[in-house]
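To be precise, the following lines are target-v3.cif, and they hold mmCIF, C-alpha atoms.
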data_start
#
loop_
_atom_site.label_atom_id
_atom_site.label_comp_id
_atom_site.auth_asym_id
_atom_site.auth_seq_id
_atom_site.Cartn_x
_atom_site.Cartn_y
_atom_site.Cartn_z
CA MET X 12 -31.39 12.46 -9.38
CA SER X 13 -30.42 16.14 -9.17
CA LYS X 14 -27.18 17.18 -7.47
CA PHE X 15 -29.24 18.86 -4.76
CA ALA X 16 -31.26 15.69 -4.01
CA ARG X 17 -28.14 13.53 -4.14
CA LEU X 18 -26.39 15.77 -1.60
CA VAL X 19 -29.37 15.70 0.78
CA ASP X 20 -29.55 11.91 0.41
CA PHE X 21 -25.83 11.62 1.20
CA PHE X 22 -26.12 13.49 4.50
CA VAL X 23 -29.39 11.81 5.56
CA SER X 24 -27.74 8.42 5.06
CA ALA X 25 -24.70 9.62 7.03
CA PHE X 26 -26.91 10.73 9.93
CA GLU X 27 -28.84 7.46 9.97
CA HIS X 28 -25.67 5.39 10.00
CA GLY X 29 -24.08 7.36 12.82
CA SER X 30 -21.37 9.11 10.82
CA TYR X 31 -22.43 12.38 12.47
CA ARG X 32 -23.46 12.69 16.11
CA PRO X 33 -25.46 15.43 17.89
CA GLY X 34 -23.30 18.53 18.21
CA ASP X 35 -21.07 17.70 15.24
CA ALA X 36 -20.63 20.51 12.73
CA LEU X 37 -21.23 19.88 9.06
CA PRO X 38 -18.35 20.71 6.73
CA SER X 39 -18.24 24.32 5.58
CA LEU X 40 -20.19 25.30 2.49
CA ARG X 41 -17.00 25.66 0.49
CA ALA X 42 -15.56 22.33 1.66
CA THR X 43 -18.74 20.45 0.77
CA ALA X 44 -18.94 22.17 -2.61
CA GLN X 45 -15.37 21.08 -3.40
CA THR X 46 -15.82 17.52 -2.08
CA HIS X 47 -19.03 16.87 -4.01
CA ALA X 48 -18.22 18.99 -7.08
CA VAL X 49 -21.31 21.16 -6.75
CA SER X 50 -21.96 24.89 -6.52
CA LEU X 51 -22.16 26.85 -3.29
CA ASN X 52 -25.84 27.52 -3.97
CA THR X 53 -26.51 23.80 -4.24
CA VAL X 54 -24.83 23.21 -0.88
CA LYS X 55 -26.82 26.06 0.71
CA ARG X 56 -30.10 24.59 -0.58
CA ALA X 57 -29.15 21.13 0.68
CA TYR X 58 -28.23 22.42 4.15
CA TRP X 59 -31.46 24.42 4.32
CA GLU X 60 -33.40 21.28 3.40
CA LEU X 61 -31.62 19.29 6.11
CA GLU X 62 -32.58 22.02 8.56
CA ARG X 63 -36.22 21.86 7.40
CA LEU X 64 -36.22 18.09 7.87
CA GLY X 65 -35.00 18.52 11.46
CA PHE X 66 -31.51 17.07 11.10
CA VAL X 67 -29.42 20.21 11.63
CA ALA X 68 -29.65 23.73 13.00
CA ALA X 69 -27.91 26.87 11.79
CA ARG X 70 -25.67 28.43 14.49
CA GLU X 71 -24.30 31.92 14.19
CA ARG X 72 -20.57 31.78 13.39
CA GLU X 73 -20.65 27.98 13.73
CA GLY X 74 -22.37 26.98 10.51
CA PHE X 75 -24.76 24.02 10.58
CA THR X 76 -24.72 21.65 13.55
CA VAL X 77 -26.32 18.23 13.91
CA ILE X 78 -29.11 18.32 16.48
CA ALA X 79 -30.19 15.67 19.00
CA GLY X 80 -32.33 12.95 17.48
CA ALA X 81 -30.91 13.39 13.99
CA ALA X 82 -28.44 10.52 14.33
CA PRO X 83 -30.01 7.42 15.90
CA ALA X 84 -27.88 4.77 17.50
CA ARG X 85 -26.47 2.41 14.86
CA GLU X 86 -28.18 -0.63 16.40
CA ALA X 87 -31.62 0.94 16.07
CA ALA X 88 -33.71 -0.04 13.06
CA PRO X 89 -34.22 2.94 10.72
CA LEU X 90 -38.00 2.80 10.79
CA ALA X 91 -40.22 5.71 9.80
CA GLY X 92 -43.34 5.29 11.87
CA PRO X 93 -45.18 2.18 13.06
CA TRP X 94 -45.37 0.53 9.63
CA GLY X 95 -41.67 0.31 8.86
CA SER X 96 -40.68 3.05 6.43
CA PRO X 97 -43.83 3.23 4.25
CA PHE X 98 -42.96 6.66 2.85
CA VAL X 99 -41.03 7.84 -0.20
CA ASN X 100 -37.50 8.97 0.59
CA PRO X 101 -38.01 12.72 1.25
CA ALA X 102 -34.74 13.55 -0.50
CA LEU X 103 -36.41 12.69 -3.82
CA PHE X 104 -38.87 15.59 -3.63
CA ASP X 105 -38.31 19.16 -4.73
CA ALA X 106 -39.21 20.78 -1.43
CA ARG X 107 -37.86 24.15 -2.52
CA ALA X 108 -40.24 24.33 -5.51
CA LEU X 109 -43.20 23.56 -3.28
CA GLY X 110 -42.05 26.07 -0.69
CA ASP X 111 -41.69 28.77 -3.32
CA ALA X 112 -45.20 27.99 -4.58
CA ALA X 113 -46.49 28.34 -1.02
CA VAL X 114 -44.92 31.79 -0.70
CA ARG X 115 -46.48 32.93 -3.98
CA ALA X 116 -49.87 31.53 -3.03
CA MET X 117 -49.96 33.14 0.40
CA ARG X 118 -49.35 36.63 -1.00
CA ASP X 119 -52.89 36.75 -2.38
CA TYR X 120 -54.82 35.44 0.61
CA GLY X 121 -55.71 37.03 3.90
CA ARG X 122 -59.05 36.83 5.62
CA GLU X 123 -59.98 33.72 3.64
CA LEU X 124 -57.47 31.72 5.69
CA ALA X 125 -59.55 32.24 8.82
CA GLU X 126 -62.76 30.93 7.25
CA PRO X 127 -63.14 27.12 7.40
CA GLN X 128 -63.97 25.49 4.06
CA PRO X 129 -65.27 21.98 4.88
CA TRP X 130 -65.13 20.80 1.27
CA GLY X 131 -61.71 22.33 0.73
CA HIS X 132 -60.39 25.18 -1.36
CA ALA X 133 -62.24 25.53 -4.66
CA ALA X 134 -59.09 26.26 -6.68
CA LEU X 135 -57.49 22.96 -5.65
CA ARG X 136 -60.66 20.98 -6.29
CA ARG X 137 -60.95 22.50 -9.77
CA GLN X 138 -57.33 21.61 -10.53
CA LEU X 139 -57.97 18.01 -9.48
CA ALA X 140 -61.10 17.85 -11.64
CA ARG X 141 -59.16 19.18 -14.64
CA ARG X 142 -56.59 16.44 -14.25
CA TYR X 143 -59.27 13.76 -14.07
CA ARG X 144 -60.95 15.24 -17.15
CA ALA X 145 -57.62 15.18 -19.01
CA GLU X 146 -57.63 11.41 -18.50
CA GLY X 147 -61.22 11.15 -19.74
CA ILE X 148 -62.62 10.65 -16.24
CA ALA X 149 -65.87 12.50 -15.56
CA LEU X 150 -65.36 13.80 -12.03
CA ASP X 151 -66.69 17.30 -11.33
CA TRP X 152 -64.90 19.58 -8.89
CA ASP X 153 -67.95 19.90 -6.64
CA GLY X 154 -67.85 16.13 -6.09
CA ILE X 155 -64.33 16.24 -4.64
CA LEU X 156 -63.74 16.83 -0.92
CA ILE X 157 -60.28 17.76 0.37
CA THR X 158 -59.01 15.75 3.34
CA CYS X 159 -56.08 15.69 5.75
CA GLY X 160 -54.14 13.24 3.62
CA ALA X 161 -55.32 10.05 1.94
CA MET X 162 -55.53 8.40 5.36
CA GLU X 163 -58.41 10.65 6.38
CA ALA X 164 -60.05 10.02 3.01
CA LEU X 165 -59.94 6.27 3.68
CA SER X 166 -61.27 6.80 7.20
CA LEU X 167 -64.20 8.84 5.92
CA ALA X 168 -64.96 6.25 3.25
CA VAL X 169 -64.88 3.32 5.68
CA ARG X 170 -67.05 5.10 8.23
CA ALA X 171 -69.54 6.25 5.60
CA VAL X 172 -70.19 2.80 4.13
CA THR X 173 -70.41 1.05 7.51
CA LEU X 174 -72.35 3.72 9.41
CA GLY X 175 -75.00 2.23 11.69
CA GLN X 176 -74.15 -1.38 10.87
CA ALA X 177 -73.99 -3.81 13.80
CA SER X 178 -71.38 -6.20 12.36
CA PRO X 179 -69.77 -4.58 9.32
CA ARG X 180 -67.58 -6.68 7.01
CA LEU X 181 -65.32 -5.51 4.20
CA ALA X 182 -63.70 -7.69 1.57
CA VAL X 183 -60.10 -6.47 1.26
CA LEU X 184 -57.83 -7.24 -1.69
CA THR X 185 -54.60 -8.45 -0.10
CA PRO X 186 -51.84 -7.91 0.73
CA ALA X 187 -52.98 -4.45 1.73
CA PHE X 188 -51.96 -1.07 3.10
CA PRO X 189 -51.33 -1.47 6.87
CA GLY X 190 -53.08 1.83 7.57
CA LEU X 191 -56.34 0.49 6.14
CA LEU X 192 -56.07 -2.77 8.08
CA GLY X 193 -55.39 -0.84 11.30
CA LEU X 194 -58.34 1.45 10.62
CA LEU X 195 -60.69 -1.50 10.18
CA ALA X 196 -59.42 -3.13 13.37
CA GLN X 197 -59.90 0.08 15.37
CA HIS X 198 -63.52 0.32 14.23
CA GLY X 199 -64.29 -3.36 14.82
CA ILE X 200 -64.82 -4.03 11.11
CA ALA X 201 -64.04 -7.53 9.90
CA ALA X 202 -61.46 -7.59 7.09
CA LEU X 203 -62.05 -10.59 4.82
CA PRO X 204 -58.98 -11.20 2.63
CA VAL X 205 -59.19 -11.70 -1.13
CA PRO X 206 -55.64 -12.52 -2.30
CA VAL X 207 -54.34 -10.92 -5.50
CA ASP X 208 -51.74 -12.88 -7.48
CA GLU X 209 -48.69 -11.56 -9.31
CA GLY X 210 -50.73 -11.25 -12.50
CA GLY X 211 -53.18 -8.85 -10.87
CA ARG X 212 -56.04 -11.36 -10.59
CA PHE X 213 -58.11 -12.74 -7.72
CA ASP X 214 -60.64 -15.53 -7.29
CA ALA X 215 -63.86 -13.87 -8.48
CA ASP X 216 -65.93 -16.83 -7.23
CA ALA X 217 -64.48 -16.38 -3.74
CA LEU X 218 -65.39 -12.67 -3.79
CA GLU X 219 -68.89 -13.59 -5.01
CA ALA X 220 -69.27 -16.03 -2.11
CA LEU X 221 -68.24 -13.36 0.39
CA ALA X 222 -70.78 -10.97 -1.14
CA GLN X 223 -73.52 -13.55 -0.89
CA GLY X 224 -72.67 -13.93 2.80
CA GLY X 225 -73.15 -10.21 3.37
CA LEU X 226 -70.65 -7.40 2.93
CA SER X 227 -70.56 -3.67 3.63
CA GLY X 228 -68.28 -3.19 0.67
CA ILE X 229 -65.00 -4.01 -1.06
CA ALA X 230 -61.70 -2.22 -0.39
CA ALA X 231 -59.00 -2.28 -3.06
CA MET X 232 -55.83 -0.58 -4.22
CA PRO X 233 -56.13 -1.48 -7.91
CA SER X 234 -53.12 0.50 -9.13
CA PHE X 235 -49.69 -0.55 -7.79
CA GLN X 236 -51.04 -2.35 -4.78
CA HIS X 237 -49.27 -1.68 -1.51
CA PRO X 238 -46.92 -3.55 -0.96
CA THR X 239 -46.55 -5.68 -4.13
CA GLY X 240 -46.69 -2.94 -6.78
CA VAL X 241 -49.11 -5.14 -8.75
CA SER X 242 -52.02 -3.55 -10.64
CA LEU X 243 -55.31 -5.34 -11.20
CA ALA X 244 -55.70 -6.79 -14.68
CA ASP X 245 -58.51 -5.31 -16.78
CA ASP X 246 -60.69 -8.41 -16.42
CA ALA X 247 -60.15 -8.41 -12.64
CA ARG X 248 -61.25 -4.76 -12.42
CA ALA X 249 -64.37 -5.58 -14.41
CA ALA X 250 -65.09 -8.61 -12.20
CA LEU X 251 -64.75 -6.55 -9.02
CA LEU X 252 -67.18 -3.90 -10.25
CA ALA X 253 -69.57 -6.57 -11.50
CA VAL X 254 -69.77 -8.20 -8.06
CA ALA X 255 -70.26 -4.78 -6.46
CA ARG X 256 -73.13 -3.95 -8.84
CA ARG X 257 -74.81 -7.34 -8.44
CA HIS X 258 -74.88 -7.01 -4.67
CA ASP X 259 -75.19 -3.21 -4.47
CA LEU X 260 -71.88 -2.85 -2.61
CA ALA X 261 -69.67 0.15 -2.01
CA VAL X 262 -66.14 0.04 -3.44
CA ILE X 263 -63.43 1.90 -1.53
CA GLU X 264 -60.61 2.67 -3.95
CA ASP X 265 -57.21 3.72 -2.59
CA ASP X 266 -55.66 5.52 -5.58
CA SER X 267 -52.60 6.86 -3.75
CA TYR X 268 -49.91 5.30 -5.95
CA ARG X 269 -51.42 5.48 -9.45
CA GLN X 270 -49.33 8.46 -10.54
CA LEU X 271 -46.09 6.62 -9.69
CA TYR X 272 -46.22 4.53 -12.87
CA PHE X 273 -43.08 3.40 -14.71
CA GLY X 274 -44.68 2.99 -18.14
CA ALA X 275 -46.16 5.41 -20.65
CA ALA X 276 -49.41 6.13 -18.79
CA PRO X 277 -51.09 5.41 -15.45
CA PRO X 278 -53.59 2.56 -15.06
CA ARG X 279 -57.28 3.40 -15.33
CA PRO X 280 -58.85 3.90 -11.87
CA LEU X 281 -62.01 2.07 -10.83
CA VAL X 282 -63.87 5.36 -10.49
CA ALA X 283 -63.44 5.89 -14.24
CA ASP X 284 -65.81 2.96 -14.91
CA ASP X 285 -68.24 3.72 -12.08
CA ALA X 286 -71.63 4.38 -13.65
CA ASP X 287 -73.71 4.64 -10.48
CA GLY X 288 -71.59 6.39 -7.85
CA ARG X 289 -70.71 3.32 -5.82
CA VAL X 290 -66.92 3.93 -5.87
CA LEU X 291 -65.44 6.14 -3.16
CA SER X 292 -62.07 7.09 -4.65
CA CYS X 293 -59.35 8.22 -2.21
CA ALA X 294 -55.92 9.69 -2.95
CA GLY X 295 -53.38 12.24 -1.75
CA PHE X 296 -50.20 14.17 -2.53
CA SER X 297 -47.91 12.72 0.17
CA LYS X 298 -46.45 10.04 -2.12
CA THR X 299 -46.24 12.18 -5.25
CA LEU X 300 -45.59 15.89 -4.64
CA ALA X 301 -45.89 17.09 -1.07
CA PRO X 302 -44.80 14.81 1.78
CA GLY X 303 -45.76 16.25 5.14
CA TYR X 304 -48.37 18.65 3.75
CA ARG X 305 -51.13 16.13 4.55
CA VAL X 306 -53.40 17.02 1.62
CA GLY X 307 -55.62 14.32 0.19
CA TRP X 308 -59.05 14.04 -1.32
CA ILE X 309 -62.06 11.79 -1.73
CA ALA X 310 -64.61 11.55 -4.51
CA PRO X 311 -67.39 9.96 -2.43
CA GLY X 312 -69.99 9.33 -5.13
CA ARG X 313 -73.43 8.55 -3.70
CA TRP X 314 -72.03 8.90 -0.15
CA ARG X 315 -71.41 12.61 -0.76
CA ASP X 316 -73.64 13.96 2.02
CA THR X 317 -72.60 11.31 4.56
CA VAL X 318 -68.89 11.93 3.97
CA ALA X 319 -69.37 15.69 4.20
CA ALA X 320 -71.21 15.32 7.53
CA LEU X 321 -68.50 13.03 8.92
CA LYS X 322 -65.78 15.47 7.84
CA ALA X 323 -67.60 18.40 9.45
CA SER X 324 -68.00 16.53 12.73
CA THR X 325 -64.35 15.47 13.00
CA THR X 326 -61.70 17.75 11.49
CA LEU X 327 -64.28 20.28 10.15
CA ALA X 328 -61.92 21.38 7.36
CA SER X 329 -58.40 20.73 6.11
CA PRO X 330 -55.70 23.41 6.63
CA LEU X 331 -55.81 25.98 3.84
CA PRO X 332 -52.13 26.97 3.54
CA SER X 333 -51.17 23.48 2.38
CA GLN X 334 -54.03 23.44 -0.10
CA LEU X 335 -53.10 26.86 -1.46
CA ALA X 336 -49.48 25.82 -1.99
CA ILE X 337 -50.40 22.72 -3.96
CA ALA X 338 -53.11 24.52 -5.93
CA GLN X 339 -50.53 27.14 -6.92
CA LEU X 340 -48.10 24.46 -8.06
CA LEU X 341 -50.77 22.72 -10.14
CA ALA X 342 -52.03 25.99 -11.63
CA GLU X 343 -48.50 26.83 -12.76
CA GLY X 344 -48.19 23.40 -14.37
CA ARG X 345 -44.97 22.59 -12.53
CA ASP X 346 -46.23 19.35 -11.00
CA GLU X 347 -45.83 17.14 -14.09
CA ALA X 348 -42.11 17.80 -14.46
CA MET X 349 -41.65 17.09 -10.75
CA LEU X 350 -43.62 13.87 -11.10
CA GLU X 351 -41.63 12.80 -14.15
CA ARG X 352 -38.38 13.19 -12.23
CA LEU X 353 -39.78 11.27 -9.27
CA ARG X 354 -41.10 8.46 -11.47
CA ALA X 355 -37.77 8.13 -13.25
CA GLU X 356 -35.88 8.02 -9.96
CA LEU X 357 -38.20 5.44 -8.40
CA SER X 358 -38.20 3.30 -11.54
CA GLY X 359 -34.40 3.27 -11.54
CA ARG X 360 -34.16 2.37 -7.87
CA VAL X 361 -36.81 -0.36 -7.96
CA GLY X 362 -35.37 -1.81 -11.15
CA ALA X 363 -31.80 -1.84 -9.87
CA LEU X 364 -32.76 -3.56 -6.61
CA GLN X 365 -34.82 -6.15 -8.48
CA ALA X 366 -31.99 -6.89 -10.89
CA ALA X 367 -29.46 -7.23 -8.07
CA LEU X 368 -31.59 -9.31 -5.71
CA ARG X 369 -33.44 -11.73 -7.99
CA PRO X 370 -30.36 -13.80 -9.04
CA LEU X 371 -29.41 -14.29 -5.37
CA LEU X 372 -32.74 -15.83 -4.33
CA PRO X 373 -33.39 -19.59 -4.19
CA PRO X 374 -36.24 -21.00 -6.34
CA ASP X 375 -38.62 -21.25 -3.36
CA HIS X 376 -38.43 -17.48 -2.77
CA ALA X 377 -40.53 -14.98 -4.72
CA LEU X 378 -39.90 -11.32 -5.53
CA SER X 379 -42.57 -9.02 -6.95
CA ARG X 380 -42.25 -7.29 -10.34
CA PRO X 381 -43.83 -3.88 -9.72
CA ALA X 382 -44.75 -1.61 -12.60
CA GLY X 383 -45.00 1.40 -10.30
CA GLY X 384 -44.58 2.62 -6.75
CA TYR X 385 -41.42 2.05 -4.70
CA PHE X 386 -41.86 -1.23 -2.83
CA LEU X 387 -40.61 -4.75 -3.47
CA TRP X 388 -42.47 -7.66 -1.89
CA LEU X 389 -40.22 -10.58 -0.91
CA GLU X 390 -41.90 -13.89 -0.05
CA TRP X 391 -40.13 -16.69 1.79
CA PRO X 392 -41.06 -20.38 2.05
CA GLU X 393 -43.42 -21.46 4.83
CA ARG X 394 -40.61 -22.84 7.00
CA ILE X 395 -39.11 -19.38 7.51
CA ASP X 396 -39.61 -17.41 10.74
CA GLU X 397 -40.78 -14.06 9.32
CA ALA X 398 -40.27 -12.06 12.51
CA ALA X 399 -36.69 -13.30 12.94
CA ARG X 400 -35.79 -12.61 9.31
CA VAL X 401 -37.18 -9.09 9.42
CA ALA X 402 -35.45 -8.35 12.72
CA ALA X 403 -32.13 -9.45 11.22
CA LEU X 404 -32.60 -7.18 8.20
CA GLN X 405 -33.60 -4.24 10.37
CA ALA X 406 -30.50 -4.79 12.51
CA ASP X 407 -28.49 -4.37 9.31
CA GLY X 408 -30.21 -1.03 8.68
CA VAL X 409 -32.45 -2.19 5.84
CA PHE X 410 -35.70 -0.28 5.28
CA VAL X 411 -37.98 -3.29 5.64
CA ALA X 412 -41.30 -4.18 7.27
CA ALA X 413 -42.81 -7.51 8.25
CA GLY X 414 -45.31 -8.97 5.81
CA ALA X 415 -47.75 -9.53 8.68
CA LEU X 416 -48.40 -5.78 8.71
CA CYS X 417 -49.95 -6.08 5.24
CA ARG X 418 -52.27 -8.99 6.02
CA PRO X 419 -55.43 -9.28 8.10
CA PRO X 420 -54.89 -11.43 11.23
CA GLY X 421 -54.44 -15.08 10.34
CA PRO X 422 -52.05 -17.36 8.48
CA GLY X 423 -50.05 -16.14 5.53
CA ARG X 424 -46.85 -16.84 3.64
CA PRO X 425 -43.82 -15.29 5.37
CA ALA X 426 -42.88 -12.08 3.59
CA ALA X 427 -41.27 -8.67 3.88
CA ARG X 428 -41.77 -5.27 2.27
CA LEU X 429 -38.62 -3.53 1.04
CA ASN X 430 -38.62 0.22 0.44
CA ALA X 431 -36.43 0.75 -2.62
CA SER X 432 -36.74 4.55 -2.59
CA TYR X 433 -33.98 4.86 0.01
CA TYR X 434 -31.33 3.16 -2.11
CA GLU X 435 -29.59 4.56 -5.16
CA PRO X 436 -28.91 2.12 -8.02
CA ALA X 437 -25.23 2.13 -7.04
CA GLN X 438 -26.21 0.78 -3.61
CA ALA X 439 -28.44 -2.00 -4.97
CA ALA X 440 -25.79 -4.73 -5.13
CA ALA X 441 -24.65 -4.20 -1.53
CA LEU X 442 -28.25 -4.09 -0.29
CA ALA X 443 -29.12 -7.25 -2.23
CA ARG X 444 -26.22 -9.06 -0.60
CA LEU X 445 -27.46 -7.97 2.84
CA VAL X 446 -30.95 -9.28 2.09
CA ALA X 447 -29.66 -12.50 0.55
CA ARG X 448 -27.41 -13.11 3.56
CA THR X 449 -30.51 -13.87 5.65
CA VAL X 450 -31.80 -16.37 3.07
#
Represent the supplied structure as structure tokens.
Amino acid sequence: MSKFARLVDFFVSAFEHGSYRPGDALPSLRATAQTHAVSLNTVKRAYWELERLGFVAAREREGFTVIAGAAPAREAAPLAGPWGSPFVNPALFDARALGDAAVRAMRDYGRELAEPQPWGHAALRRQLARRYRAEGIALDWDGILITCGAMEALSLAVRAVTLGQASPRLAVLTPAFPGLLGLLAQHGIAALPVPVDEGGRFDADALEALAQGGLSGIAAMPSFQHPTGVSLADDARAALLAVARRHDLAVIEDDSYRQLYFGAAPPRPLVADDADGRVLSCAGFSKTLAPGYRVGWIAPGRWRDTVAALKASTTLASPLPSQLAIAQLLAEGRDEAMLERLRAELSGRVGALQAALRPLLPPDHALSRPAGGYFLWLEWPERIDEAARVAALQADGVFVAAGALCRPPGPGRPAARLNASYYEPAQAAALARLVARTV
């Protein structure tokens, strides 16, 4: 992690643990530079980033002061949103590089910003297509629609494949992204679970039986499944597509985490082996380059016209400034170095927490072995009260969510999702002891 990111992380952690209260002044630039052995410029950048994140405000002649809401009460669980900290630690991103790209991009655009572009900015779509082509994936830029984050992409996909159906049903590879499960529930769509094991395989006969009973489609996150970090094995990917072809089903692919791989190369997405346009592939930049910019995309395949119509009738078009900033970054080729740093940091944090926690767990507990992403999935024996365990961990300030959030309604093994991105390797042992204390 860079000195800049480490400094931001230090202060964010201090705010969340109540070390600074609203109205407190941060140490002077010089004092912080001396304490942390960094340059004055590094301190300035870190303080500016804290201001951008809403933790502090610059006061004339007073320096930087903590603002209300930046330091929650110590007893409050440090949750980010309704799903229990599902996001990458923002301190791990190079916000300054993205901001600088935005400034450069905006210099060349004027009137165009006032003209809605329902399919999204052409320059960004071309950059995405080039990256797919570099992986040997034949996706043309005019088949990519820009969305307001991957969440809107998933929403468009779900609505497109279930449009006009009286009792839609989707097979969902589980455990699954809570946002998808919530989306299905809001639209009255039955989510039929298809469990994926730690080897990245599922019961193909069970999926076949569901298809024979009538399905609108299959929803999957084949690469670094949220929350386990497991990727589908090659034979499981082939089996899923085979069932979809046999029964003429849509496949909704959430590809949001594929670029967060720890190995030499990312897994192959389902859309790469889609010969007849039945895969609607959804992804975004929030987990990889640009948190908060809400830029995603969908390659809707044969549902192209339906998805375009749904987009036009809801958000009409995605904001252009965010698209321009990311397109500029991609055009300059700066994204890969940023991604490499992020992957290395996440790999180190996930690996350290695994190594620290696994020896402390009894044999009847299970801990996932992710090859990408930033989550660890901890499973407890059936006798455990999941809600009570999770509440105890949250009271200790652990970034954790209940396993029930990642399952369709119904029975399931007690579990919890740990977000490793918020903990440096040096903190892994202490965090592991906190988690093991509730065992």
Exercise for the section: Give me, please, the distance in Å between atom CA of Ile395 of chain X and atom CA of Pro425 of chain X, quoted to one decimal. Expected result: 6.6 Å
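Residues matched by the PyMOL selection byres ((chain X and resi 63) around 12) in this file are Val19, Arg56, Ala57, Tyr58, Trp59, Glu60, Leu61, Glu62, Leu64, Gly65, Phe66, Val67, Ala68, Ala69, Ala81, Pro101, Ala102, Ala106, Arg107, Gly110 and Gly303 of chain X.
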Handout entry: Ala112 of chain X environment, 6 Å, only C-alpha atoms, sequence neighbours closer than 2 positions dropped, as a count of residues only
Key = 7
Practice task
For the structure provided, state which residues fall under the PyMOL selection byres ((chain X and resi 277-292) around 8), and present them as a PyMOL selection string.
Solution key: chain X and resi 147-149+168+233-234+242+248+252+260-266+269-272+274-276+293-294+309-314
Practice task
Taking the file as shown, find all residues satisfying the PyMOL selection byres ((chain X and resi 426) around 12) and write them as an MDAnalysis selection string.
Solution key: chainID X and resid 186 238:239 376:379 387:401 411:418 422:425 427:429 450
Since we have the selection now, will you write its residues out, keeping C-alpha atoms, as a PDB file, in the frame of the given file?
ATOM      1  CA  PRO X 186     -51.840  -7.910   0.730  1.00  0.00           C
ATOM      2  CA  PRO X 238     -46.920  -3.550  -0.960  1.00  0.00           C
ATOM      3  CA  THR X 239     -46.550  -5.680  -4.130  1.00  0.00           C
ATOM      4  CA  HIS X 376     -38.430 -17.480  -2.770  1.00  0.00           C
ATOM      5  CA  ALA X 377     -40.530 -14.980  -4.720  1.00  0.00           C
ATOM      6  CA  LEU X 378     -39.900 -11.320  -5.530  1.00  0.00           C
ATOM      7  CA  SER X 379     -42.570  -9.020  -6.950  1.00  0.00           C
ATOM      8  CA  LEU X 387     -40.610  -4.750  -3.470  1.00  0.00           C
ATOM      9  CA  TRP X 388     -42.470  -7.660  -1.890  1.00  0.00           C
ATOM     10  CA  LEU X 389     -40.220 -10.580  -0.910  1.00  0.00           C
ATOM     11  CA  GLU X 390     -41.900 -13.890  -0.050  1.00  0.00           C
ATOM     12  CA  TRP X 391     -40.130 -16.690   1.790  1.00  0.00           C
ATOM     13  CA  PRO X 392     -41.060 -20.380   2.050  1.00  0.00           C
ATOM     14  CA  GLU X 393     -43.420 -21.460   4.830  1.00  0.00           C
ATOM     15  CA  ARG X 394     -40.610 -22.840   7.000  1.00  0.00           C
ATOM     16  CA  ILE X 395     -39.110 -19.380   7.510  1.00  0.00           C
ATOM     17  CA  ASP X 396     -39.610 -17.410  10.740  1.00  0.00           C
ATOM     18  CA  GLU X 397     -40.780 -14.060   9.320  1.00  0.00           C
ATOM     19  CA  ALA X 398     -40.270 -12.060  12.510  1.00  0.00           C
ATOM     20  CA  ALA X 399     -36.690 -13.300  12.940  1.00  0.00           C
ATOM     21  CA  ARG X 400     -35.790 -12.610   9.310  1.00  0.00           C
ATOM     22  CA  VAL X 401     -37.180  -9.090   9.420  1.00  0.00           C
ATOM     23  CA  VAL X 411     -37.980  -3.290   5.640  1.00  0.00           C
ATOM     24  CA  ALA X 412     -41.300  -4.180   7.270  1.00  0.00           C
ATOM     25  CA  ALA X 413     -42.810  -7.510   8.250  1.00  0.00           C
ATOM     26  CA  GLY X 414     -45.310  -8.970   5.810  1.00  0.00           C
ATOM     27  CA  ALA X 415     -47.750  -9.530   8.680  1.00  0.00           C
ATOM     28  CA  LEU X 416     -48.400  -5.780   8.710  1.00  0.00           C
ATOM     29  CA  CYS X 417     -49.950  -6.080   5.240  1.00  0.00           C
ATOM     30  CA  ARG X 418     -52.270  -8.990   6.020  1.00  0.00           C
ATOM     31  CA  PRO X 422     -52.050 -17.360   8.480  1.00  0.00           C
ATOM     32  CA  GLY X 423     -50.050 -16.140   5.530  1.00  0.00           C
ATOM     33  CA  ARG X 424     -46.850 -16.840   3.640  1.00  0.00           C
ATOM     34  CA  PRO X 425     -43.820 -15.290   5.370  1.00  0.00           C
ATOM     35  CA  ALA X 427     -41.270  -8.670   3.880  1.00  0.00           C
ATOM     36  CA  ARG X 428     -41.770  -5.270   2.270  1.00  0.00           C
ATOM     37  CA  LEU X 429     -38.620  -3.530   1.040  1.00  0.00           C
ATOM     38  CA  VAL X 450     -31.800 -16.370   3.070  1.00  0.00           C
TER      39      VAL X 450
END
Edge lengths and centre in Å to one decimal, as JSON, is what I'm after for the box along x, y and z that holds all listed atoms of segment 209-220 of chain X once 3 Å is added on each side.
{"center_x": -59.0, "center_y": -12.8, "center_z": -7.3, "size_x": 26.6, "size_y": 14.0, "size_z": 16.4}
Exercise for the section: Could you please determine the separation between atom CA of Ser267 of chain X and atom CA of Ser13 of chain X in Å, to one decimal place? Expected result: 24.6 Å
Problem - Polymer residues at most 12 Å from Val99 of chain X, all atoms listed in the file, same-chain spacing of 5 or more positions, as a VMD selection string - result: chain X and resid 91 104 268 271 296 to 303 353 to 354 356 to 357 360 384 to 386 410 429 to 434
Problem - Coordinates-based distance that separates atom CA of Ala187 of chain X from atom CA of Leu167 of chain X (Å, one decimal) - result: 17.9 Å
Exercise for the section: Counting all atoms listed in the file, note down every residue that has an atom within 12 Å of the point (-23.2, 20.9, -6.0) (file coordinates), as a VMD selection string. Expected result: chain X and resid 13 to 19 40 to 58
Practice task
With a distance cut-off of 6 Å and all atoms listed in the file, select the neighbouring residues of Leu181 of chain X, excluding the residue or stretch itself and same-chain residues fewer than 4 positions from it, and output the selection as an NGL selection string.
Solution key: :X and (202 or 226-229)
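Considering all atoms listed in the file, the residue among X:Ile200, X:Ala447, X:Val254, X:Val207 positioned nearest to Ala222 of chain X is X:Val254.
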